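Below is entry30.txt, which holds compact mmCIF, C-alpha atoms.
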```
# COMPACT_ATOMS: atom_id res chain seq x y z
CA MET A 6 13.59 -27.34 11.19
CA ALA A 7 12.74 -25.92 7.79
CA ASN A 8 14.22 -24.21 4.74
CA ILE A 9 13.66 -20.48 4.19
CA LEU A 10 14.07 -18.24 1.16
CA HIS A 11 14.27 -14.45 1.42
CA ILE A 12 13.47 -12.47 -1.74
CA SER A 13 14.86 -8.93 -1.92
CA ARG A 14 15.36 -6.52 -4.79
CA THR A 15 19.11 -6.27 -4.13
CA MET A 16 21.64 -7.13 -1.44
CA ASP A 17 23.26 -3.72 -1.67
CA ILE A 18 23.26 -0.72 0.65
CA GLY A 19 19.80 0.05 2.07
CA GLY A 20 17.67 -0.39 5.16
CA ALA A 21 15.55 -3.28 3.87
CA GLU A 22 18.63 -5.08 2.57
CA LYS A 23 20.32 -4.75 5.94
CA ILE A 24 17.29 -6.32 7.64
CA VAL A 25 17.37 -9.23 5.17
CA TYR A 26 21.04 -9.78 5.95
CA GLN A 27 20.44 -9.68 9.71
CA LEU A 28 17.52 -12.10 9.61
CA ALA A 29 19.31 -14.50 7.30
CA THR A 30 22.54 -14.62 9.29
CA ASP A 31 21.44 -14.18 12.91
CA LEU A 32 18.54 -16.65 12.69
CA LYS A 33 20.45 -19.12 10.52
CA GLU A 34 20.60 -21.79 13.23
CA GLU A 35 16.81 -22.04 13.31
CA PHE A 36 16.73 -23.47 9.77
CA ASP A 37 18.18 -26.39 7.87
CA SER A 38 19.15 -23.97 5.10
CA VAL A 39 18.81 -20.25 4.41
CA HIS A 40 18.63 -18.79 0.90
CA ILE A 41 18.38 -15.29 -0.56
CA ALA A 42 17.28 -14.40 -4.10
CA SER A 43 18.12 -10.92 -5.43
CA THR A 44 20.08 -9.10 -8.11
CA GLY A 45 23.04 -9.21 -5.71
CA GLY A 46 25.33 -6.49 -4.41
CA LEU A 47 27.75 -5.60 -1.65
CA TRP A 48 26.49 -8.17 0.87
CA GLU A 49 27.01 -11.18 -1.42
CA GLY A 50 30.54 -12.08 -0.34
CA THR A 51 29.72 -11.85 3.35
CA LEU A 52 26.62 -13.98 2.89
CA SER A 53 28.72 -16.73 1.34
CA GLU A 54 31.16 -16.59 4.25
CA LYS A 55 28.22 -16.98 6.65
CA GLY A 56 26.91 -20.06 4.83
CA ILE A 57 23.93 -18.31 3.24
CA GLN A 58 23.31 -19.29 -0.37
CA HIS A 59 22.57 -16.39 -2.71
CA HIS A 60 20.65 -16.96 -5.96
CA LYS A 61 20.77 -14.39 -8.76
CA ILE A 62 17.47 -13.22 -10.18
CA LEU A 63 16.53 -10.27 -12.36
CA ASP A 64 15.19 -7.05 -10.82
CA VAL A 65 11.84 -7.86 -9.19
CA GLU A 66 10.82 -4.24 -9.71
CA SER A 67 10.66 -4.85 -13.47
CA LYS A 68 7.23 -5.52 -15.03
CA SER A 69 8.72 -6.86 -18.28
CA PRO A 70 7.01 -10.12 -19.33
CA LYS A 71 10.42 -11.63 -20.09
CA THR A 72 11.72 -10.71 -16.63
CA LEU A 73 8.57 -12.02 -14.96
CA ALA A 74 8.85 -15.34 -16.77
CA THR A 75 12.58 -15.70 -16.06
CA ASN A 76 12.26 -14.90 -12.37
CA PHE A 77 9.28 -17.18 -11.92
CA ARG A 78 11.21 -20.05 -13.51
CA ILE A 79 14.26 -19.43 -11.28
CA LEU A 80 12.17 -19.20 -8.12
CA CYS A 81 10.26 -22.39 -8.99
CA SER A 82 13.58 -24.15 -9.39
CA ILE A 83 14.85 -22.90 -6.01
CA VAL A 84 11.68 -23.98 -4.22
CA LYS A 85 11.82 -27.46 -5.75
CA LYS A 86 15.55 -28.07 -5.38
CA TYR A 87 15.90 -26.87 -1.80
CA LYS A 88 12.46 -27.88 -0.54
CA ILE A 89 11.63 -24.35 0.60
CA ASP A 90 9.00 -24.21 3.37
CA ILE A 91 8.90 -20.47 4.12
CA ILE A 92 9.40 -17.55 1.75
CA HIS A 93 9.97 -14.14 3.31
CA THR A 94 9.51 -11.29 0.85
CA HIS A 95 10.80 -7.75 1.31
CA HIS A 96 9.39 -6.10 -1.81
CA ARG A 97 5.80 -6.01 -2.98
CA MET A 98 6.61 -7.40 -6.43
CA ALA A 99 8.50 -10.21 -4.70
CA ALA A 100 5.24 -10.88 -2.86
CA PHE A 101 3.48 -11.05 -6.24
CA TYR A 102 5.83 -13.85 -7.35
CA VAL A 103 5.11 -15.81 -4.18
CA ARG A 104 1.37 -15.36 -4.64
CA LEU A 105 1.77 -17.11 -8.00
CA LEU A 106 4.13 -19.75 -6.60
CA MET A 107 1.52 -20.69 -4.03
CA TYR A 108 -0.71 -22.07 -6.82
CA LEU A 109 2.04 -24.60 -7.61
CA PHE A 110 3.30 -25.06 -4.05
CA PRO A 111 0.23 -24.65 -1.80
CA LYS A 112 2.09 -25.71 1.36
CA ILE A 113 4.53 -22.77 1.21
CA LYS A 114 4.16 -20.24 4.04
CA HIS A 115 4.55 -16.61 3.01
CA VAL A 116 5.84 -13.86 5.30
CA TYR A 117 5.83 -10.34 3.86
CA THR A 118 7.51 -7.34 5.48
CA ALA A 119 6.25 -3.94 4.30
CA HIS A 120 9.29 -1.67 4.51
CA ASN A 121 7.70 1.31 2.81
CA ILE A 122 4.49 3.15 1.98
CA PHE A 123 3.04 2.95 -1.52
CA ASP A 124 -0.01 4.67 -3.00
CA ASN A 125 0.00 3.13 -6.48
CA ARG A 126 -0.95 -0.27 -7.94
CA LEU A 127 -2.98 -1.02 -4.82
CA LYS A 128 -5.14 -3.76 -6.39
CA LEU A 129 -2.02 -5.70 -7.39
CA TYR A 130 -0.52 -5.05 -3.96
CA LYS A 131 -3.60 -6.40 -2.18
CA TYR A 132 -3.65 -9.49 -4.40
CA SER A 133 0.07 -10.13 -3.77
CA VAL A 134 -0.18 -10.29 0.01
CA GLN A 135 -3.25 -12.51 0.21
CA GLY A 136 -2.45 -15.51 2.38
CA ALA A 137 0.71 -13.91 3.78
CA LYS A 138 1.64 -13.09 7.36
CA VAL A 139 2.12 -9.34 6.96
CA ILE A 140 4.65 -7.40 9.05
CA ALA A 141 4.88 -3.60 9.14
CA VAL A 142 8.07 -1.80 10.18
CA SER A 143 6.22 1.14 11.75
CA ILE A 144 2.83 2.39 12.92
CA ALA A 145 2.62 4.52 9.77
CA VAL A 146 3.08 1.50 7.51
CA LYS A 147 0.52 -0.53 9.47
CA GLU A 148 -2.06 2.25 9.27
CA HIS A 149 -1.43 2.61 5.55
CA LEU A 150 -1.95 -1.12 4.96
CA LYS A 151 -5.15 -1.01 6.97
CA LYS A 152 -6.51 2.03 5.14
CA GLN A 153 -5.42 1.26 1.58
CA LEU A 154 -5.50 -2.57 1.51
CA ASN A 155 -8.07 -3.21 4.26
CA LEU A 156 -5.58 -5.42 6.13
CA ASN A 157 -6.50 -5.69 9.80
CA ASN A 158 -4.16 -8.41 11.05
CA VAL A 159 -0.80 -6.68 10.56
CA GLU A 160 1.92 -7.01 13.18
CA ILE A 161 4.47 -4.26 13.83
CA ILE A 162 8.08 -5.35 14.22
CA TYR A 163 10.49 -2.44 14.40
CA ASN A 164 13.78 -2.86 12.60
CA GLY A 165 16.46 -3.95 15.05
CA ILE A 166 19.80 -2.22 15.45
CA LYS A 167 22.91 -3.69 17.02
CA ILE A 168 23.90 -1.03 19.52
CA ASP A 169 27.48 -0.28 20.47
CA ASP A 170 28.89 2.67 22.35
CA SER A 171 31.95 3.23 20.18
CA LYS A 172 33.11 6.83 20.06
CA GLU A 173 35.36 6.28 17.04
CA THR A 174 35.26 9.05 14.44
CA SER A 175 36.32 9.42 10.81
CA PRO A 176 39.26 11.72 9.98
CA GLU A 177 37.87 12.41 6.50
CA VAL A 178 35.12 14.33 8.31
CA THR A 179 36.73 15.51 11.56
CA ASP A 180 39.70 17.08 9.74
CA PHE A 181 37.30 19.79 8.56
CA ALA A 182 37.20 22.60 11.13
CA GLY A 183 33.73 24.00 10.35
CA ILE A 184 30.23 22.63 10.91
CA LYS A 185 29.99 19.03 9.73
CA ILE A 186 26.58 17.89 8.45
CA GLY A 187 25.64 14.42 7.21
CA PHE A 188 23.12 12.69 4.97
CA ILE A 189 22.82 8.89 4.79
CA GLY A 190 20.63 7.12 2.25
CA ARG A 191 20.04 6.12 -1.34
CA LEU A 192 20.47 8.83 -3.91
CA ASP A 193 16.97 8.69 -5.32
CA TYR A 194 13.76 10.72 -5.46
CA GLN A 195 12.34 9.22 -2.26
CA LYS A 196 15.19 10.49 -0.09
CA GLY A 197 14.86 14.13 -1.19
CA VAL A 198 18.57 14.88 -1.63
CA ASP A 199 17.68 17.33 -4.41
CA LEU A 200 15.63 19.30 -1.88
CA LEU A 201 18.57 19.26 0.53
CA ILE A 202 20.97 20.68 -2.06
CA LYS A 203 18.50 23.42 -3.00
CA ALA A 204 18.12 24.28 0.70
CA LEU A 205 21.90 24.50 1.11
CA ALA A 206 22.03 26.95 -1.81
CA ARG A 207 19.90 29.35 0.26
CA LEU A 208 21.98 29.18 3.45
CA ASP A 209 23.30 32.44 4.84
CA TYR A 210 26.36 30.60 6.14
CA SER A 211 29.44 29.23 4.43
CA ASP A 212 31.69 27.55 7.02
CA TYR A 213 30.10 24.10 6.74
CA LYS A 214 30.45 20.91 4.77
CA MET A 215 27.67 18.51 3.84
CA TYR A 216 28.82 14.90 3.51
CA ILE A 217 26.47 12.77 1.39
CA ILE A 218 26.81 9.04 2.08
CA GLY A 219 25.14 6.64 -0.29
CA MET A 220 24.76 5.48 -3.87
CA GLY A 221 21.89 5.61 -6.32
CA GLN A 222 20.52 6.43 -9.73
CA MET A 223 20.39 10.19 -9.09
CA LYS A 224 24.10 10.60 -8.26
CA ASP A 225 25.09 12.29 -11.56
CA GLU A 226 22.03 14.54 -11.47
CA LEU A 227 22.75 15.58 -7.88
CA GLN A 228 26.41 16.29 -8.61
CA LYS A 229 25.33 18.54 -11.49
CA LEU A 230 22.94 20.30 -9.14
CA VAL A 231 25.79 20.93 -6.69
CA SER A 232 27.84 22.47 -9.52
CA THR A 233 24.90 24.56 -10.73
CA TYR A 234 24.48 26.11 -7.27
CA ASP A 235 28.27 26.57 -6.86
CA LEU A 236 28.37 24.31 -3.79
CA THR A 237 31.37 22.17 -4.74
CA ASN A 238 33.36 23.48 -1.75
CA ASN A 239 30.52 22.71 0.65
CA VAL A 240 29.18 19.35 -0.53
CA GLU A 241 31.17 16.12 -0.72
CA PHE A 242 29.83 12.81 -2.05
CA LEU A 243 31.41 9.98 -0.08
CA GLY A 244 29.62 7.13 -1.87
CA TYR A 245 29.16 3.84 -0.03
CA ARG A 246 30.84 3.55 3.37
CA ASP A 247 30.88 0.65 5.81
CA ASN A 248 32.02 2.78 8.76
CA ILE A 249 28.62 4.45 9.22
CA SER A 250 28.89 4.60 13.02
CA ASP A 251 32.22 6.43 12.85
CA LEU A 252 30.80 8.90 10.36
CA ILE A 253 27.69 9.62 12.44
CA ASN A 254 29.92 10.22 15.46
CA SER A 255 31.85 12.76 13.38
CA PHE A 256 28.88 14.90 12.32
CA ASP A 257 27.49 17.82 14.28
CA PHE A 258 24.03 16.81 13.04
CA LEU A 259 22.35 15.14 10.05
CA VAL A 260 19.53 15.94 7.64
CA PHE A 261 16.83 13.50 6.47
CA PRO A 262 14.71 15.34 3.85
CA SER A 263 12.76 12.27 2.65
CA ARG A 264 9.54 12.60 0.71
CA PHE A 265 8.29 9.27 2.09
CA GLU A 266 9.65 6.42 4.23
CA GLY A 267 8.57 3.21 5.86
CA PHE A 268 10.57 3.62 9.06
CA GLY A 269 13.93 5.39 8.77
CA LEU A 270 16.67 3.00 9.85
CA ALA A 271 19.50 5.49 9.27
CA LEU A 272 17.62 8.05 11.35
CA ALA A 273 17.29 5.56 14.21
CA GLU A 274 21.03 4.79 13.99
CA THR A 275 21.71 8.54 14.13
CA PHE A 276 19.60 8.98 17.25
CA LEU A 277 21.27 6.04 18.99
CA ARG A 278 24.60 7.86 18.65
CA GLU A 279 23.22 10.92 20.44
CA LYS A 280 23.03 12.96 17.27
CA THR A 281 20.04 15.00 16.27
CA ALA A 282 18.75 15.77 12.80
CA VAL A 283 16.60 18.01 10.65
CA VAL A 284 13.76 15.66 9.66
CA THR A 285 10.75 16.01 7.39
CA ASN A 286 7.33 15.46 9.00
CA ILE A 287 6.41 12.36 6.98
CA LEU A 288 4.45 9.40 8.36
CA GLY A 289 7.38 7.00 8.10
CA PHE A 290 9.42 9.02 10.60
CA SER A 291 6.55 9.56 13.03
CA ASP A 292 7.43 6.61 15.30
CA LEU A 293 10.88 8.10 15.92
CA ILE A 294 10.62 11.87 15.96
CA ASN A 295 9.27 14.45 18.37
CA GLU A 296 10.05 18.06 19.23
CA ASN A 297 12.39 16.94 22.02
CA ASN A 298 14.78 14.95 19.83
CA SER A 299 14.90 16.62 16.41
CA VAL A 300 14.03 19.66 14.31
CA ILE A 301 10.90 18.73 12.37
CA VAL A 302 10.21 20.56 9.10
CA GLU A 303 7.56 20.42 6.42
CA SER A 304 8.13 17.83 3.71
CA GLU A 305 9.23 19.17 0.29
CA ASN A 306 9.49 22.69 1.74
CA ILE A 307 12.97 23.89 0.77
CA ALA A 308 12.67 27.09 2.81
CA LYS A 309 11.79 25.16 5.98
CA ILE A 310 14.58 22.63 5.45
CA LYS A 311 16.99 25.56 5.10
CA GLU A 312 15.66 27.15 8.31
CA GLY A 313 16.05 23.88 10.21
CA ILE A 314 19.65 23.51 9.07
CA GLU A 315 20.46 27.11 10.03
CA LEU A 316 18.93 26.60 13.48
CA LEU A 317 21.17 23.63 14.26
CA ILE A 318 24.23 25.26 12.72
CA ARG A 319 23.92 28.22 15.07
CA ASP A 320 22.79 26.50 18.27
CA GLU A 321 25.32 23.97 19.57
CA GLU A 322 23.56 23.60 22.93
CA LYS A 323 20.32 22.65 21.19
CA ARG A 324 22.14 20.07 19.06
CA ILE A 325 23.58 18.41 22.17
CA THR A 326 20.31 18.44 24.14
CA LEU A 327 18.23 17.05 21.27
CA GLY A 328 20.83 14.36 20.60
CA GLN A 329 20.84 13.14 24.18
CA LYS A 330 17.06 12.86 24.24
CA ALA A 331 17.06 11.17 20.83
CA ARG A 332 19.10 8.23 22.11
CA VAL A 333 16.84 7.70 25.11
CA SER A 334 13.63 7.78 23.05
CA THR A 335 14.97 5.35 20.44
CA LEU A 336 16.71 2.68 22.54
CA VAL A 337 13.68 0.62 23.52
CA MET A 338 12.05 0.74 20.10
CA VAL A 339 14.91 -0.86 18.13
CA GLU A 340 16.28 -3.37 20.65
CA TYR A 341 17.98 -6.02 18.51
CA ASP A 342 17.21 -9.11 20.60
CA VAL A 343 13.51 -8.22 20.65
CA PHE A 344 13.56 -7.80 16.86
CA LEU A 345 15.07 -11.27 16.38
CA LYS A 346 12.75 -12.93 18.90
CA LYS A 347 9.65 -11.51 17.22
CA TYR A 348 10.69 -12.73 13.78
CA SER A 349 11.70 -16.09 15.22
CA ARG A 350 8.20 -16.45 16.61
CA VAL A 351 6.68 -15.53 13.23
CA TYR A 352 8.78 -18.16 11.49
CA LYS A 353 7.96 -20.86 14.07
CA ASN A 354 4.25 -20.17 13.75
CA SER A 355 4.62 -20.48 9.95
CA LYS A 356 6.24 -23.93 10.01
```
I need this file expressed as structure tokens, please.
Amino acid sequence: MANILHISRTMDIGGAEKIVYQLATDLKEEFDSVHIASTGGLWEGTLSEKGIQHHKILDVESKSPKTLATNFRILCSIVKKYKIDIIHTHHRMAAFYVRLLMYLFPKIKHVYTAHNIFDNRLKLYKYSVQGAKVIAVSIAVKEHLKKQLNLNNVEIIYNGIKIDDSKETSPEVTDFAGIKIGFIGRLDYQKGVDLLIKALARLDYSDYKMYIIGMGQMKDELQKLVSTYDLTNNVEFLGYRDNISDLINSFDFLVFPSRFEGFGLALAETFLREKTAVVTNILGFSDLINENNSVIVESENIAKIKEGIELLIRDEEKRITLGQKARVSTLVMVEYDVFLKKYSRVYKNSK
């Protein structure tokens, strides 16, 4: 047995955060103690109920010298007090902290999961993951790490999804009689919600409603954009929701207009519920998408995103056919037991 510490930016809504929660809780019995360090968030209460100890740190994204010093001191204290053997990082700046910690605690084993693709600060990135067992969440992420950081021993472990066949729906969506479209994700630049709103402004169709699920720093800006384009009757911001499966079941289709991604957990969840989507042709989605399960459009091309949305609005048969094939093509890739077994093996080999 051993003691493990996960370091995440937050424990709020998000694909990486969900993976941290799953690994911490569903592999808990393999460790003497399980700890998470982050700024906190929506998962904190549930973690406590599950016996996972959460430690507050400042935002690991920050490069402030004061923040760096404070976080390093807190993490040193956690490692000493709880005799941490393995640290699993889920953010590249978190990996930087562990790289420094390893000078003081040379016996620590470092596991780093790359959840996304980055093209900046590559020298710091490469330094941070030295000595770590590196996991990529997709082929695209692995290829990026190989090309940009010259890492050749990267293992792919697809994010796992607990699959259920519930057909429950959400009245706040199904009560609308027109076409129901969904978006799920953080409201930030990466996810391309601004592009989506601009595409909706060009639609030659009005009997639809776009439901935007998620929270983020761009919320106010996006709401202003909706008002600017006079879309207040067509776009509804639902904020955070914990009934994601019910909502996906309620949509006719979804849109994922991301500028970049590591994998696309919400997209995979959509496919598993036999729903199709308009998806940008970015590397991070490439493991999941093909012409038989989705409508693929050019990234950052508002006109193409609009055309993809119009196609699915007007062709119900295509929506159904693509959705059925999407579930089949995704099932094997995100099998939850396989996901847990692969990480369990990584941890055991690190002890």
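Take the candidates A:Arg332, A:Lys224, A:His11, A:Lys196 and check each one against Thr285 in chain A using all atoms listed in the file; the shortest distance goes to A:Lys196.
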ask   = Near Phe276 in chain A, counting all atoms listed in the file, which residues have an atom at most 10 Å away, once you skip same-chain residues fewer than 2 positions from it, shown as a list in words?
value =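 Residues near the query, excluding close chain neighbours: Ile253, Phe258, Leu259, Leu270, Ala271, Leu272, Ala273, Glu274, Arg278, Glu279, Lys280, Thr281, Ala282, Leu293, Ile294, Asn298, Ser299, Leu327, Gly328, Gln329, Lys330, Ala331, Arg332, Val333, Ser334, Thr335 and Leu336 of chain A.
A straight line drawn from CA of Leu80 in chain A to CA of Ile24 in chain A is 21.0 Å long.
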task = Could you give me, as a PyMOL selection string, the residues that have an atom at most 9 Å away from the point (9.3, -0.8, -1.7) in the coordinates of the file, using all atoms listed in the file?
result = chain A and resi 14+21+66+95-98+119-123+267
inquiry  = I'd like the neighbourhood of Ile318 in chain A as a PyMOL selection string, where a residue qualifies if any of its atoms comes within 10 Å (using only C-alpha atoms), though same-chain residues fewer than 2 positions away should be ignored.
reply    = chain A and resi 183-186+210+212-213+257-258+312-316+320-321+323-324
ask   = How many Å separate CA of Ile189 in chain A from CA of Val284 in chain A?
value =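 Value for the CA of Ile189 in chain A-CA of Val284 in chain A distance: 12.3 Å.
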ask   = For Leu150 in chain A, which residue among A:Leu127, A:Ala308, A:Leu47, A:Ala100 is the nearest when counting only C-alpha atoms?
value =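 Nearest candidate to Leu150 in chain A out of A:Leu127, A:Ala308, A:Leu47, A:Ala100: A:Leu127.
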Applying 10 Å and only C-alpha atoms, which residues near Asp170 in chain A remain after dropping the ones on its own chain fewer than 3 positions away? List them as a PDB file with C-alpha atoms, in the frame of the given file.
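selection17.pdb, freshly written:
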```pdb
ATOM      1  CA  GLU A 173      35.360   6.280  17.040  1.00  0.00           C
ATOM      2  CA  SER A 250      28.890   4.600  13.020  1.00  0.00           C
ATOM      3  CA  LEU A 277      21.270   6.040  18.990  1.00  0.00           C
ATOM      4  CA  ARG A 278      24.600   7.860  18.650  1.00  0.00           C
TER       5      ARG A 278
END
```
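Each of A:Asn306, A:Gln222, A:Asn239, A:Ser69 was compared to Leu208 in chain A using all atoms listed in the file, and A:Asn239 turns out to be the nearest.
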remark   = Counting all atoms listed in the file, the residue among A:Leu205, A:Ile9, A:Leu154, A:Val39 that lies closest to Lys128 in chain A is A:Leu154
Report, as lines of an AutoDock Vina configuration file, the centre and edge lengths in Å (one decimal) of the axis-aligned box enclosing every listed atom of range 150-167 of chain A, padded by 6 Å on each side.
```
center_x = 7.4
center_y = -3.2
center_z = 9.3
size_x = 43.0
size_y = 22.4
size_z = 27.5
```
key: Selection near Trp48 in chain A, 10 Å with all atoms listed in the file, sequence-local residues under 6 positions removed, as a PyMOL selection string   = chain A and resi 15-18+22-23+26+59
Put those residues in a file: C-alpha atoms, as a PDB file, keeping the file's coordinate frame.
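Result file follows (again_11.pdb):
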```
ATOM      1  CA  THR A  15      19.110  -6.270  -4.130  1.00  0.00           C
ATOM      2  CA  MET A  16      21.640  -7.130  -1.440  1.00  0.00           C
ATOM      3  CA  ASP A  17      23.260  -3.720  -1.670  1.00  0.00           C
ATOM      4  CA  ILE A  18      23.260  -0.720   0.650  1.00  0.00           C
ATOM      5  CA  GLU A  22      18.630  -5.080   2.570  1.00  0.00           C
ATOM      6  CA  LYS A  23      20.320  -4.750   5.940  1.00  0.00           C
ATOM      7  CA  TYR A  26      21.040  -9.780   5.950  1.00  0.00           C
ATOM      8  CA  HIS A  59      22.570 -16.390  -2.710  1.00  0.00           C
TER       9      HIS A  59
END
```
message = From the options A:Lys214, A:Lys309, A:Lys167, A:Lys172, which residue's atoms come nearest to Phe344 in chain A, counting all atoms listed in the file?
response =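 Of the candidates, the smallest distance to Phe344 in chain A is held by A:Lys167.
Between Ala7 in chain A and the candidates A:Met338, A:Lys138, A:Glu241, A:Lys356, the tightest atom-to-atom separation, counting only C-alpha atoms, involves A:Lys356.
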Name all residues at most 12 Å from Lys353 in chain A (count all atoms listed in the file; drop same-chain ones fewer than 5 positions away) and give them as a compact mmCIF listing (two decimals) with C-alpha atoms, keeping the file's coordinate frame.
```
# COMPACT_ATOMS: atom_id res chain seq x y z
CA MET A 6 13.59 -27.34 11.19
CA ALA A 7 12.74 -25.92 7.79
CA ASN A 8 14.22 -24.21 4.74
CA ILE A 9 13.66 -20.48 4.19
CA LEU A 32 18.54 -16.65 12.69
CA GLU A 35 16.81 -22.04 13.31
CA PHE A 36 16.73 -23.47 9.77
CA ASP A 90 9.00 -24.21 3.37
CA ILE A 91 8.90 -20.47 4.12
CA LYS A 114 4.16 -20.24 4.04
CA VAL A 116 5.84 -13.86 5.30
CA LYS A 346 12.75 -12.93 18.90
CA LYS A 347 9.65 -11.51 17.22
CA TYR A 348 10.69 -12.73 13.78
```
Using only C-alpha atoms, what table do you get, as JSON lines, when you list each residue of range 226-288 of chain A with an atom no more than 10 Å from range 145-148 of chain A, its nearest pair of atoms, and their distance in Å rounded to one decimal, rows by chain then rising number?
```
{"residue": "A:Glu266", "atom": "CA", "partner": "A:Val146", "partner_atom": "CA", "distance": 8.8}
{"residue": "A:Gly267", "atom": "CA", "partner": "A:Val146", "partner_atom": "CA", "distance": 6.0}
{"residue": "A:Phe268", "atom": "CA", "partner": "A:Val146", "partner_atom": "CA", "distance": 7.9}
{"residue": "A:Ile287", "atom": "CA", "partner": "A:Ala145", "partner_atom": "CA", "distance": 9.1}
{"residue": "A:Leu288", "atom": "CA", "partner": "A:Ala145", "partner_atom": "CA", "distance": 5.4}
```
